[in-house]
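Colleague: To be precise about what I am sending: the file is called structure32.tsv and holds TSV, C-alpha atoms.
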chain	number	residue	atom	x	y	z
A	1	MET	CA	30.15	-17.30	38.28
A	2	LYS	CA	28.47	-13.91	37.81
A	3	ASP	CA	26.46	-14.39	41.03
A	4	GLU	CA	29.68	-15.05	42.93
A	5	ARG	CA	31.30	-11.91	41.53
A	6	ILE	CA	28.24	-9.81	42.37
A	7	THR	CA	28.20	-11.15	45.92
A	8	LYS	CA	31.92	-10.43	46.32
A	9	LEU	CA	31.43	-6.87	45.04
A	10	ALA	CA	28.46	-6.29	47.37
A	11	LYS	CA	30.46	-7.54	50.37
A	12	ASN	CA	33.39	-5.29	49.47
A	13	LEU	CA	31.10	-2.28	49.09
A	14	ILE	CA	29.52	-2.75	52.51
A	15	SER	CA	32.48	-3.95	54.57
A	16	TYR	CA	35.48	-2.30	52.87
A	17	SER	CA	34.17	0.81	51.10
A	18	CYS	CA	31.38	1.91	53.44
A	19	LYS	CA	32.47	0.09	56.62
A	20	LEU	CA	28.80	-0.11	57.54
A	21	GLU	CA	27.96	-1.04	61.12
A	22	LYS	CA	24.96	-2.56	62.85
A	23	GLY	CA	22.12	-0.10	63.33
A	24	GLN	CA	23.31	2.36	60.68
A	25	THR	CA	21.31	3.55	57.70
A	26	ILE	CA	22.62	3.44	54.14
A	27	ILE	CA	21.14	5.09	51.05
A	28	ILE	CA	21.38	3.00	47.87
A	29	GLU	CA	20.64	4.86	44.64
A	30	GLY	CA	20.52	3.13	41.25
A	31	THR	CA	18.31	1.96	38.41
A	32	HIS	CA	16.49	-1.29	37.69
A	33	GLU	CA	19.38	-2.22	35.36
A	34	ALA	CA	21.53	-2.72	38.47
A	35	ARG	CA	18.84	-4.84	40.13
A	36	ASP	CA	21.09	-7.87	40.75
A	37	LEU	CA	23.73	-5.81	42.52
A	38	ILE	CA	21.21	-3.77	44.53
A	39	ILE	CA	19.56	-6.99	45.77
A	40	ALA	CA	22.97	-8.37	46.77
A	41	ILE	CA	23.80	-5.13	48.61
A	42	VAL	CA	20.46	-5.15	50.46
A	43	ARG	CA	21.16	-8.71	51.61
A	44	GLN	CA	24.59	-7.70	52.91
A	45	VAL	CA	23.11	-4.68	54.72
A	46	TYR	CA	20.47	-6.78	56.45
A	47	ALA	CA	23.08	-9.43	57.33
A	48	ILE	CA	24.95	-6.97	59.56
A	49	GLY	CA	21.78	-5.54	61.09
A	50	ALA	CA	21.77	-2.23	59.23
A	51	TYR	CA	19.00	-0.48	57.27
A	52	PRO	CA	18.93	-0.11	53.46
A	53	MET	CA	17.06	2.88	52.01
A	54	VAL	CA	16.74	2.18	48.27
A	55	ARG	CA	15.99	4.99	45.78
A	56	LEU	CA	15.44	3.76	42.22
A	57	SER	CA	15.60	6.08	39.23
A	58	ASP	CA	15.18	5.94	35.45
A	59	SER	CA	17.21	7.97	32.95
A	60	GLN	CA	14.25	8.81	30.71
A	61	ILE	CA	12.11	9.87	33.66
A	62	GLY	CA	15.07	11.82	35.01
A	63	ARG	CA	15.39	13.65	31.69
A	64	GLU	CA	11.70	14.55	31.79
A	65	VAL	CA	12.07	15.93	35.30
A	66	LEU	CA	15.09	18.03	34.27
A	67	MET	CA	13.26	19.42	31.23
A	68	GLY	CA	10.73	21.05	33.57
A	69	VAL	CA	13.07	21.98	36.40
A	70	THR	CA	12.68	25.35	38.08
A	71	GLU	CA	14.55	26.81	41.02
A	72	GLU	CA	11.44	26.27	43.15
A	73	TYR	CA	11.26	22.59	42.19
A	74	SER	CA	14.95	21.89	42.88
A	75	LYS	CA	14.74	23.57	46.27
A	76	MET	CA	11.66	21.48	47.07
A	77	ALA	CA	13.43	18.26	46.00
A	78	CYS	CA	16.35	19.24	48.21
A	79	LYS	CA	14.00	19.90	51.13
A	80	TYR	CA	12.57	16.37	50.97
A	81	ALA	CA	15.91	14.60	50.39
A	82	LYS	CA	17.89	16.52	53.00
A	83	PRO	CA	16.61	14.75	56.18
A	84	LEU	CA	17.35	11.32	54.66
A	85	PHE	CA	20.90	12.26	53.64
A	86	GLU	CA	21.61	14.00	56.95
A	87	ASP	CA	20.56	10.91	58.90
A	88	ALA	CA	22.39	8.35	56.74
A	89	ALA	CA	25.77	6.94	57.76
A	90	ALA	CA	26.65	5.74	54.25
A	91	TYR	CA	25.72	6.07	50.60
A	92	ILE	CA	26.12	3.89	47.49
A	93	GLY	CA	25.39	5.43	44.09
A	94	ILE	CA	25.22	3.04	41.12
A	95	GLY	CA	25.29	4.83	37.78
A	96	VAL	CA	23.97	2.84	34.82
A	97	SER	CA	21.87	3.88	31.86
A	98	SER	CA	20.83	2.38	28.54
A	99	ASN	CA	21.71	5.75	26.98
A	100	VAL	CA	24.44	7.87	28.55
A	101	PHE	CA	23.43	10.76	26.29
A	102	GLU	CA	19.84	10.84	27.58
A	103	THR	CA	20.20	14.37	28.96
A	104	ALA	CA	22.17	15.76	26.01
A	105	ASP	CA	19.24	17.94	24.88
A	106	VAL	CA	18.29	19.22	28.33
A	107	PRO	CA	18.92	22.99	28.28
A	108	VAL	CA	22.12	23.94	30.09
A	109	GLU	CA	20.31	26.44	32.27
A	110	LYS	CA	18.04	23.64	33.57
A	111	LYS	CA	21.05	21.48	34.47
A	112	ASN	CA	22.68	24.45	36.21
A	113	ILE	CA	19.58	25.17	38.28
A	114	HIS	CA	19.39	21.59	39.54
A	115	THR	CA	23.13	21.40	40.21
A	116	LYS	CA	23.02	24.60	42.25
A	117	HIS	CA	19.85	23.99	44.25
A	118	TYR	CA	19.89	20.17	44.59
A	119	GLY	CA	23.24	18.68	43.56
A	120	GLN	CA	25.45	20.99	45.61
A	121	PRO	CA	23.49	21.01	48.90
A	122	ILE	CA	22.73	17.27	48.82
A	123	HIS	CA	25.83	15.72	47.28
A	124	ILE	CA	28.66	18.19	47.90
A	125	ASP	CA	27.59	19.69	51.22
A	126	ILE	CA	26.06	16.59	52.85
A	127	ARG	CA	26.86	13.32	51.10
A	128	VAL	CA	30.57	13.97	50.39
A	129	LYS	CA	31.26	15.63	53.74
A	130	LYS	CA	29.13	13.62	56.15
A	131	THR	CA	28.69	10.05	54.89
A	132	LYS	CA	30.89	7.08	54.02
A	133	TRP	CA	30.13	7.09	50.32
A	134	VAL	CA	31.05	5.12	47.24
A	135	ILE	CA	30.12	5.63	43.59
A	136	LEU	CA	30.26	2.90	40.96
A	137	ARG	CA	28.85	1.71	37.65
A	138	TYR	CA	27.23	-1.59	36.64
A	139	PRO	CA	27.90	-3.32	33.32
A	140	ASN	CA	25.35	-3.21	30.52
A	141	PRO	CA	25.41	-3.23	26.69
A	142	SER	CA	25.52	0.57	26.54
A	143	MET	CA	28.75	0.67	28.55
A	144	ALA	CA	30.18	-2.16	26.44
A	145	GLN	CA	29.50	-0.05	23.32
A	146	LEU	CA	31.35	2.91	24.81
A	147	ALA	CA	34.28	0.62	25.62
A	148	GLN	CA	34.03	-0.85	22.10
A	149	THR	CA	33.86	-4.43	23.37
A	150	SER	CA	31.34	-7.26	23.49
A	151	SER	CA	28.97	-7.32	26.46
A	152	GLU	CA	30.65	-10.46	27.82
A	153	ALA	CA	34.15	-8.99	27.49
A	154	PHE	CA	33.08	-5.77	29.22
A	155	GLU	CA	31.42	-7.65	32.04
A	156	ASN	CA	34.62	-9.64	32.64
A	157	PHE	CA	36.65	-6.41	32.53
A	158	PHE	CA	34.25	-4.73	34.96
A	159	PHE	CA	34.54	-7.41	37.62
A	160	ASP	CA	38.33	-7.65	37.19
A	161	VAL	CA	38.73	-3.93	37.71
A	162	CYS	CA	36.19	-3.65	40.54
A	163	ASN	CA	37.24	-6.70	42.53
A	164	LEU	CA	41.02	-6.27	42.39
A	165	ASP	CA	43.17	-6.31	45.53
A	166	TYR	CA	42.64	-2.75	46.75
A	167	ALA	CA	44.55	-3.36	49.98
A	168	LYS	CA	47.64	-4.16	47.87
A	169	MET	CA	47.05	-1.01	45.81
A	170	HIS	CA	46.73	1.09	48.97
A	171	LYS	CA	50.10	-0.12	50.23
A	172	ALA	CA	51.73	0.61	46.85
A	173	MET	CA	50.45	4.20	46.92
A	174	LEU	CA	51.92	5.07	50.32
A	175	PRO	CA	55.34	6.20	48.95
A	176	LEU	CA	53.64	8.48	46.40
A	177	LYS	CA	51.49	9.99	49.16
A	178	GLU	CA	54.62	10.73	51.20
A	179	LEU	CA	56.36	12.24	48.17
A	180	ILE	CA	53.40	14.47	47.32
A	181	GLU	CA	53.24	15.78	50.89
A	182	ARG	CA	56.90	16.85	50.88
A	183	THR	CA	56.87	18.35	47.36
A	184	ASP	CA	56.58	22.01	46.45
A	185	ARG	CA	56.68	22.45	42.67
A	186	VAL	CA	54.94	20.27	40.09
A	187	ARG	CA	55.51	20.55	36.35
A	188	ILE	CA	53.55	18.65	33.69
A	189	VAL	CA	55.01	18.53	30.18
A	190	ALA	CA	53.25	16.84	27.25
A	191	LYS	CA	52.06	17.60	23.75
A	192	ASP	CA	50.61	21.13	23.74
A	193	THR	CA	51.07	21.18	27.54
A	194	ASP	CA	53.44	22.94	29.93
A	195	LEU	CA	51.80	23.51	33.28
A	196	SER	CA	53.37	24.38	36.65
A	197	PHE	CA	51.94	24.78	40.14
A	198	SER	CA	52.71	24.33	43.83
A	199	ILE	CA	51.37	21.64	46.15
A	200	LYS	CA	53.44	22.79	49.12
A	201	GLY	CA	51.76	21.97	52.40
A	202	GLN	CA	48.86	20.12	50.75
A	203	LYS	CA	47.59	16.76	51.97
A	204	ALA	CA	47.33	13.74	49.67
A	205	LYS	CA	44.43	11.28	49.68
A	206	ILE	CA	44.80	7.65	48.63
A	207	CYS	CA	41.75	6.29	46.80
A	208	SER	CA	41.81	2.51	46.95
A	209	GLY	CA	38.23	1.31	46.79
A	210	GLU	CA	36.62	3.37	49.53
A	211	CYS	CA	34.93	6.16	47.56
A	212	ASN	CA	34.92	4.94	43.96
A	213	ILE	CA	34.61	1.51	42.38
A	214	PRO	CA	36.60	1.05	40.24
A	215	ASP	CA	39.29	2.97	42.06
A	216	GLY	CA	42.97	3.66	41.69
A	217	GLU	CA	43.94	7.27	42.13
A	218	ILE	CA	45.78	9.47	44.58
A	219	TYR	CA	44.85	13.12	44.72
A	220	THR	CA	45.86	16.40	46.26
A	221	SER	CA	45.06	19.99	45.34
A	222	PRO	CA	47.26	22.77	43.96
A	223	VAL	CA	47.84	25.90	45.99
A	224	LYS	CA	44.88	27.81	44.62
A	225	ASN	CA	46.62	30.76	42.97
A	226	SER	CA	49.80	28.95	41.90
A	227	ILE	CA	48.84	27.39	38.55
A	228	ASN	CA	50.37	28.89	35.43
A	229	GLY	CA	50.68	27.62	31.89
A	230	ARG	CA	48.63	25.56	29.49
A	231	ILE	CA	47.24	22.02	29.37
A	232	HIS	CA	45.63	20.05	26.56
A	233	PHE	CA	43.42	17.22	27.80
A	234	ASN	CA	43.75	14.44	25.23
A	235	ILE	CA	41.00	12.23	26.71
A	236	PRO	CA	37.39	13.11	25.79
A	237	SER	CA	35.11	14.10	28.67
A	238	LEU	CA	31.48	13.00	28.82
A	239	HIS	CA	29.98	15.76	30.95
A	240	LYS	CA	26.27	16.20	31.63
A	241	GLY	CA	25.32	14.12	28.61
A	242	VAL	CA	27.68	15.78	26.11
A	243	VAL	CA	31.13	14.62	24.94
A	244	LEU	CA	33.79	17.35	24.84
A	245	HIS	CA	37.00	16.71	22.88
A	246	ASP	CA	40.38	18.45	23.08
A	247	ILE	CA	39.74	20.65	26.10
A	248	VAL	CA	42.52	23.23	26.40
A	249	LEU	CA	42.87	25.45	29.46
A	250	GLU	CA	45.31	28.31	29.97
A	251	PHE	CA	45.98	29.50	33.53
A	252	LYS	CA	47.37	32.64	35.09
A	253	ASP	CA	47.83	32.77	38.86
A	254	GLY	CA	45.46	29.85	39.34
A	255	LYS	CA	42.60	31.09	37.18
A	256	VAL	CA	41.52	29.88	33.73
A	257	ILE	CA	41.98	32.88	31.43
A	258	ASN	CA	41.57	31.17	28.05
A	259	SER	CA	39.89	27.94	26.96
A	260	SER	CA	38.82	25.97	23.93
A	261	CYS	CA	37.32	22.60	23.03
A	262	SER	CA	34.96	20.93	20.57
A	263	SER	CA	31.93	22.46	22.35
A	264	ASN	CA	33.31	25.68	23.72
A	265	ASP	CA	29.93	27.14	24.67
A	266	ILE	CA	29.37	24.25	27.08
A	267	LEU	CA	32.88	24.63	28.51
A	268	LEU	CA	32.43	28.37	28.98
A	269	ASN	CA	29.12	27.81	30.72
A	270	GLU	CA	30.81	25.53	33.26
A	271	LEU	CA	33.73	27.92	33.71
A	272	ASP	CA	31.28	30.71	34.50
A	273	SER	CA	29.19	28.69	36.97
A	274	ASP	CA	30.44	30.64	39.99
A	275	GLU	CA	33.54	32.29	41.48
A	276	GLY	CA	35.35	29.00	42.07
A	277	SER	CA	34.67	27.26	38.76
A	278	ARG	CA	37.70	28.75	36.96
A	279	TYR	CA	40.07	27.42	39.64
A	280	ILE	CA	41.34	23.89	40.19
A	281	GLY	CA	40.20	21.88	43.20
A	282	GLU	CA	42.10	18.64	42.56
A	283	PHE	CA	45.24	17.21	40.96
A	284	ALA	CA	45.47	13.41	40.76
A	285	PHE	CA	47.33	10.40	39.36
A	286	GLY	CA	45.47	7.42	37.83
A	287	VAL	CA	47.06	4.03	38.59
A	288	ASN	CA	44.49	1.27	37.93
A	289	PRO	CA	46.34	-1.40	35.91
A	290	TYR	CA	43.20	-2.82	34.31
A	291	ILE	CA	42.04	0.52	32.87
A	292	THR	CA	44.23	1.17	29.84
A	293	LYS	CA	42.00	3.13	27.47
A	294	PRO	CA	39.19	5.69	27.80
A	295	MET	CA	35.54	4.71	27.57
A	296	TYR	CA	33.63	8.00	27.91
A	297	ASP	CA	33.03	7.47	31.62
A	298	THR	CA	35.04	9.65	33.97
A	299	LEU	CA	34.68	7.19	36.84
A	300	PHE	CA	36.79	4.78	34.79
A	301	ASP	CA	38.85	7.20	32.69
A	302	GLU	CA	40.27	9.17	35.64
A	303	LYS	CA	41.70	5.92	37.11
A	304	MET	CA	43.44	4.99	33.83
A	305	MET	CA	47.01	3.78	34.23
A	306	GLY	CA	49.47	6.45	33.08
A	307	SER	CA	47.02	9.35	33.41
A	308	ILE	CA	46.59	12.48	35.49
A	309	HIS	CA	43.52	14.61	35.94
A	310	LEU	CA	42.61	18.04	37.17
A	311	ALA	CA	39.20	18.99	38.54
A	312	LEU	CA	37.66	22.35	37.81
A	313	GLY	CA	35.82	23.69	40.83
A	314	ASN	CA	35.25	22.38	44.32
A	315	SER	CA	38.11	21.02	46.41
A	316	TYR	CA	37.55	18.08	48.75
A	317	GLU	CA	38.12	18.87	52.43
A	318	ASP	CA	40.53	15.96	52.97
A	319	ALA	CA	42.99	17.56	50.50
A	320	ASP	CA	41.73	21.10	50.56
A	321	ASN	CA	42.98	24.26	48.88
A	322	GLY	CA	39.99	26.34	49.94
A	323	ASN	CA	38.32	26.54	46.54
A	324	ARG	CA	34.54	26.28	46.65
A	325	SER	CA	32.21	25.76	43.72
A	326	GLN	CA	28.97	24.03	42.77
A	327	ILE	CA	30.93	22.01	40.16
A	328	HIS	CA	33.65	19.39	40.49
A	329	TRP	CA	34.59	18.33	36.95
A	330	ASP	CA	37.44	15.86	36.52
A	331	ILE	CA	39.23	16.17	33.14
A	332	VAL	CA	41.82	13.59	32.10
A	333	GLN	CA	45.17	13.68	30.31
A	334	SER	CA	46.98	10.44	29.41
A	335	HIS	CA	50.77	10.23	29.19
A	336	THR	CA	51.07	6.76	27.65
A	337	PRO	CA	53.10	6.53	24.41
A	338	GLU	CA	49.99	5.84	22.31
A	339	ASN	CA	48.53	9.11	23.59
A	340	GLY	CA	51.64	11.18	22.89
A	341	GLY	CA	53.62	10.62	26.08
A	342	GLY	CA	54.34	13.07	28.84
A	343	GLU	CA	56.55	13.86	31.82
A	344	ILE	CA	55.85	14.85	35.42
A	345	TYR	CA	58.46	16.61	37.55
A	346	PHE	CA	58.40	17.10	41.32
A	347	ASP	CA	60.80	19.86	42.38
A	348	ASP	CA	62.62	19.48	39.03
A	349	ILE	CA	63.06	15.71	39.44
A	350	LEU	CA	61.43	13.45	36.84
A	351	ILE	CA	59.08	11.04	38.63
A	352	ARG	CA	57.03	9.65	35.73
A	353	LYS	CA	57.74	9.42	32.00
A	354	ASP	CA	55.26	8.26	29.36
A	355	GLY	CA	52.96	6.94	32.06
A	356	VAL	CA	55.62	4.88	33.87
A	357	PHE	CA	56.99	5.82	37.30
A	358	VAL	CA	60.79	6.01	37.16
A	359	LEU	CA	61.74	6.61	40.80
A	360	PRO	CA	62.60	3.28	42.49
A	361	GLU	CA	60.29	3.93	45.46
A	362	LEU	CA	57.32	4.48	43.09
A	363	GLN	CA	57.79	1.56	40.72
A	364	SER	CA	55.41	-0.63	42.72
A	365	LEU	CA	52.67	1.54	41.17
A	366	ASN	CA	53.48	0.47	37.62
A	367	ALA	CA	51.00	-1.88	35.94
A	368	GLU	CA	53.06	-5.06	36.09
A	369	ASN	CA	53.39	-4.76	39.87
A	370	LEU	CA	49.73	-4.05	40.68
A	371	LYS	CA	47.97	-6.88	38.85
Please express the file's structure as structure tokens.
Modeller:
Amino acid sequence: MKDERITKLAKNLISYSCKLEKGQTIIIEGTHEARDLIIAIVRQVYAIGAYPMVRLSDSQIGREVLMGVTEEYSKMACKYAKPLFEDAAAYIGIGVSSNVFETADVPVEKKNIHTKHYGQPIHIDIRVKKTKWVILRYPNPSMAQLAQTSSEAFENFFFDVCNLDYAKMHKAMLPLKELIERTDRVRIVAKDTDLSFSIKGQKAKICSGECNIPDGEIYTSPVKNSINGRIHFNIPSLHKGVVLHDIVLEFKDGKVINSSCSSNDILLNELDSDEGSRYIGEFAFGVNPYITKPMYDTLFDEKMMGSIHLALGNSYEDADNGNRSQIHWDIVQSHTPENGGGEIYFDDILIRKDGVFVLPELQSLNAENLK
């Protein structure tokens, strides 16, 4: 049964997410813990006559590398990786670790150096812009612990959420895409939150299994200088090996002017990364019906049914507001009743209340209609 689900996932990744073609090169990055899936992907790549370039990593080795990182090293690593990424047509990144907090004690300045001189030029400037890419996780006991389930239950959840009918989800998101693209003013009201901004003239991007697995979001970006008000993110954010609780951001004319959270020094460090890091590059709805509670993994949490998220920093070019930054940090707020509820207004019309879409044309996005 598991082999069948792995094979199905590998086929979907190659044919649906990456749309890989004969003769193309694909980079596959992951760890030995995702061995079964990587093998299945390699078989699918060879089956269509394409070329798999596999790069295996290890979280403990990765931590050791980061502990000694210098600007010179990161630039050298970028130099050697750049030709491979520039030549590749597609990319699959499989994130899995026996300890998601492995880099918690790596000095912030080391992480910043590597983000600036390797992460941004390789992943933001090349991979995101120039390849057909998809990021996913792979189930292991560590992830089951974060989700507070047994390993077997988490594995079943993982394959349910990753192998759902994304074509059906895509169709259901079309009315919301159209609504976003004809809307001017957005207002978000929830506990300790009253935030307003404009999305006038902005494009919307449907995410239905092509860039993330699991998927289930639709995003746009606010007009850069239009955000005003305050938002309290009630979902914890695991960021660079550290969990931040109760992130609160206050905006004036698009820029974060005040902030607080459980680890405010870490938050402030990110906010001061560069000129664009205090501005928002993305606003999105989460609509995956199988993801109903957070599990300290943004790839899952940002797709949670009844949620929204904002991203500090870089804006994607397919829904661009012109903001540029070395960071892109998605932070999640849930509007389900158990998380305090919340309302979203488009041009003063209520479109979602307590995580449930209320407009008739959007009700196909509610959980009972997507499963």
Colleague: With region 237-249 of chain A as the partner and 9 Å as the cut-off, tabulate the residues of region 90-171 of chain A that qualify, each row holding the nearest pair of atoms and their distance in Å to one decimal, using all atoms listed in the file, sorted by chain and rising number, as JSON lines.
Modeller:
{"residue": "A:Val100", "atom": "CA", "partner": "A:Gly241", "partner_atom": "CA", "distance": 6.3}
{"residue": "A:Phe101", "atom": "CA", "partner": "A:Gly241", "partner_atom": "CA", "distance": 4.5}
{"residue": "A:Glu102", "atom": "CA", "partner": "A:Gly241", "partner_atom": "CA", "distance": 6.5}
{"residue": "A:Thr103", "atom": "CA", "partner": "A:Gly241", "partner_atom": "CA", "distance": 5.1}
{"residue": "A:Ala104", "atom": "CA", "partner": "A:Gly241", "partner_atom": "CA", "distance": 4.4}
{"residue": "A:Asp105", "atom": "CA", "partner": "A:Gly241", "partner_atom": "CA", "distance": 8.1}
{"residue": "A:Val106", "atom": "CA", "partner": "A:Gly241", "partner_atom": "CA", "distance": 8.7}
{"residue": "A:Val108", "atom": "CA", "partner": "A:Lys240", "partner_atom": "CA", "distance": 8.9}
{"residue": "A:Lys111", "atom": "CA", "partner": "A:Lys240", "partner_atom": "CA", "distance": 7.9}
Colleague: Expressed in Å to a single decimal, how great is the separation between CA of Gly95 (chain A) and CA of Ile28 (chain A)?
Modeller: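 Spanning CA of Gly95 (chain A) to CA of Ile28 (chain A) is a straight-line distance of 11.0 Å.
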Colleague: Identify which of the residues A:Val54, A:Cys162, A:Ala34, A:Ala81 lies closest to Glu210 (chain A), counting all atoms listed in the file when measuring atom-to-atom distances.
Modeller: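 Of all the options, A:Cys162 lies closest to Glu210 (chain A).
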Colleague: Please determine, counting all atoms listed in the file, which residue among A:Leu56, A:Val356, A:Ile351, A:Ile113 has the shortest atom-to-atom distance to Ile180 (chain A).
Modeller: A:Ile351
Colleague: What's the 10 Å shell around Val189 (chain A), counting all atoms listed in the file, without same-chain residues fewer than 2 positions away, as a PyMOL selection string?
Modeller: chain A and resi 187+191-196+230-231+335+341-345+353
Colleague: Skipping near chain neighbours, those fewer than 3 positions away, what residues fall within 9 Å of Thr298 (chain A) using all atoms listed in the file, listed as a list of chain:residue names?
Modeller: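 The contact residues come out as A:Ser237, A:Leu238, A:His239, A:Pro294, A:Met295, A:Asp301, A:Glu302, A:Lys303, A:Asp330, A:Ile331, A:Val332.
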Colleague: Could you save those same residues with C-alpha atoms as a tab-separated table (two decimals), in the coordinates of the input?
Modeller:
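Contents of out08.tsv, freshly written:
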chain	number	residue	atom	x	y	z
A	237	SER	CA	35.11	14.10	28.67
A	238	LEU	CA	31.48	13.00	28.82
A	239	HIS	CA	29.98	15.76	30.95
A	294	PRO	CA	39.19	5.69	27.80
A	295	MET	CA	35.54	4.71	27.57
A	301	ASP	CA	38.85	7.20	32.69
A	302	GLU	CA	40.27	9.17	35.64
A	303	LYS	CA	41.70	5.92	37.11
A	330	ASP	CA	37.44	15.86	36.52
A	331	ILE	CA	39.23	16.17	33.14
A	332	VAL	CA	41.82	13.59	32.10
Colleague: Can you pull out every residue within 7 Å of Ile227 (chain A), counting only C-alpha atoms, but drop anything in the same chain fewer than 2 positions away, and send it as JSON, numbers by chain?
Modeller: {"A": [196, 197, 225, 229, 251, 252, 253, 254]}
Colleague: Could you give me, as a PyMOL selection string, the residues that sit within 12 Å of (45.5, 10.1, 37.2) in the file's coordinates, counting all atoms listed in the file?
Modeller: chain A and resi 206-207+215-220+233+235+282-289+291-292+298-311+330-336+344+352+355-356+365
Colleague: Quote the spacing between CA of Lys116 (chain A) and CA of Asn269 (chain A) in Å to one decimal place.
Modeller: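 Atom-to-atom, CA of Lys116 (chain A) to CA of Asn269 (chain A), that is 13.4 Å.
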Colleague: Please identify all polymer residues within 7 Å of region 313-320 of chain A, counting only C-alpha atoms, omitting same-chain residues fewer than 2 positions from it, and present them as a list in words.
Modeller: Gln202, Lys203, Ala204, Lys205, Thr220, Ser221, Gly276, Ser277, Arg278, Tyr279, Ile280, Gly281, Glu282, Ala311, Gly322, Asn323, Arg324, Ser325, Gln326, Ile327, His328 and Trp329 of chain A
Colleague: CA of Leu37 (chain A) and CA of Arg55 (chain A) are how many Å apart?
Modeller: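 Distance between the two atoms: 13.7 Å.
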Colleague: For Phe357 (chain A), which residue among A:Leu176, A:Ala77, A:Ser151, A:Lys129 is the nearest when counting all atoms listed in the file?
Modeller: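 Closest to Phe357 (chain A) of all the choices is A:Leu176.
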Colleague: Return the single residue from A:Glu155, A:Asp87, A:Glu368, A:Asp347 that is closest to Ile199 (chain A), with distances computed using only C-alpha atoms.
Modeller: A:Asp347
Colleague: Counting only C-alpha atoms, what is within 8 Å of Thr131 (chain A), bar same-chain residues fewer than 4 positions away, as number ranges by chain?
Modeller: A: 88-91, 126-127
Colleague: Taking (16.6, 28.9, 42.5) as a centre in this file's frame and 7 Å as the limit, can you find every polymer residue with an atom that close, using only C-alpha atoms, and give them as an MDAnalysis selection string?
Modeller: chainID A and resid 70:72 75 113 117
Colleague: Using all atoms listed in the file, find the one residue out of A:Lys293, A:Lys110, A:Ser208, A:Leu312 that sits nearest to Val65 (chain A).
Modeller: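 Counting all atoms listed in the file, the residue closest to Val65 (chain A) is A:Lys110.
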Colleague: Regenerate region 275-279 of chain A at the level of all heavy atoms and dump it as a short mmCIF file (atom, residue, chain, number, x, y, z; two decimals), in the frame of the given file.
Modeller:
data_model
loop_
_atom_site.label_atom_id
_atom_site.label_comp_id
_atom_site.auth_asym_id
_atom_site.auth_seq_id
_atom_site.Cartn_x
_atom_site.Cartn_y
_atom_site.Cartn_z
N GLU A 275 32.21 31.71 41.28
CA GLU A 275 33.54 32.29 41.48
C GLU A 275 34.65 31.24 41.51
O GLU A 275 35.79 31.52 41.15
CB GLU A 275 33.57 33.12 42.78
CG GLU A 275 32.75 34.40 42.71
CD GLU A 275 32.90 35.24 43.97
OE1 GLU A 275 33.72 34.86 44.84
OE2 GLU A 275 32.20 36.26 44.09
N GLY A 276 34.32 30.02 41.93
CA GLY A 276 35.35 29.00 42.07
C GLY A 276 35.52 28.10 40.86
O GLY A 276 36.43 27.27 40.83
N SER A 277 34.67 28.23 39.85
CA SER A 277 34.67 27.26 38.76
C SER A 277 35.82 27.44 37.77
O SER A 277 36.08 26.55 36.96
CB SER A 277 33.33 27.31 38.00
OG SER A 277 33.06 28.63 37.54
N ARG A 278 36.52 28.56 37.82
CA ARG A 278 37.70 28.75 36.96
C ARG A 278 39.01 28.39 37.68
O ARG A 278 40.09 28.60 37.13
CB ARG A 278 37.76 30.19 36.44
CG ARG A 278 36.77 30.47 35.32
CD ARG A 278 36.88 31.88 34.76
NE ARG A 278 35.97 32.07 33.65
CZ ARG A 278 36.31 31.99 32.36
NH1 ARG A 278 37.57 31.74 32.04
NH2 ARG A 278 35.41 32.17 31.41
N TYR A 279 38.89 27.85 38.87
CA TYR A 279 40.07 27.42 39.64
C TYR A 279 40.05 25.90 39.78
O TYR A 279 39.01 25.25 39.63
CB TYR A 279 40.09 28.09 41.01
CG TYR A 279 40.34 29.58 40.95
CD1 TYR A 279 39.29 30.46 40.76
CD2 TYR A 279 41.63 30.09 41.07
CE1 TYR A 279 39.52 31.84 40.69
CE2 TYR A 279 41.86 31.46 41.01
CZ TYR A 279 40.81 32.33 40.81
OH TYR A 279 41.03 33.69 40.74
#
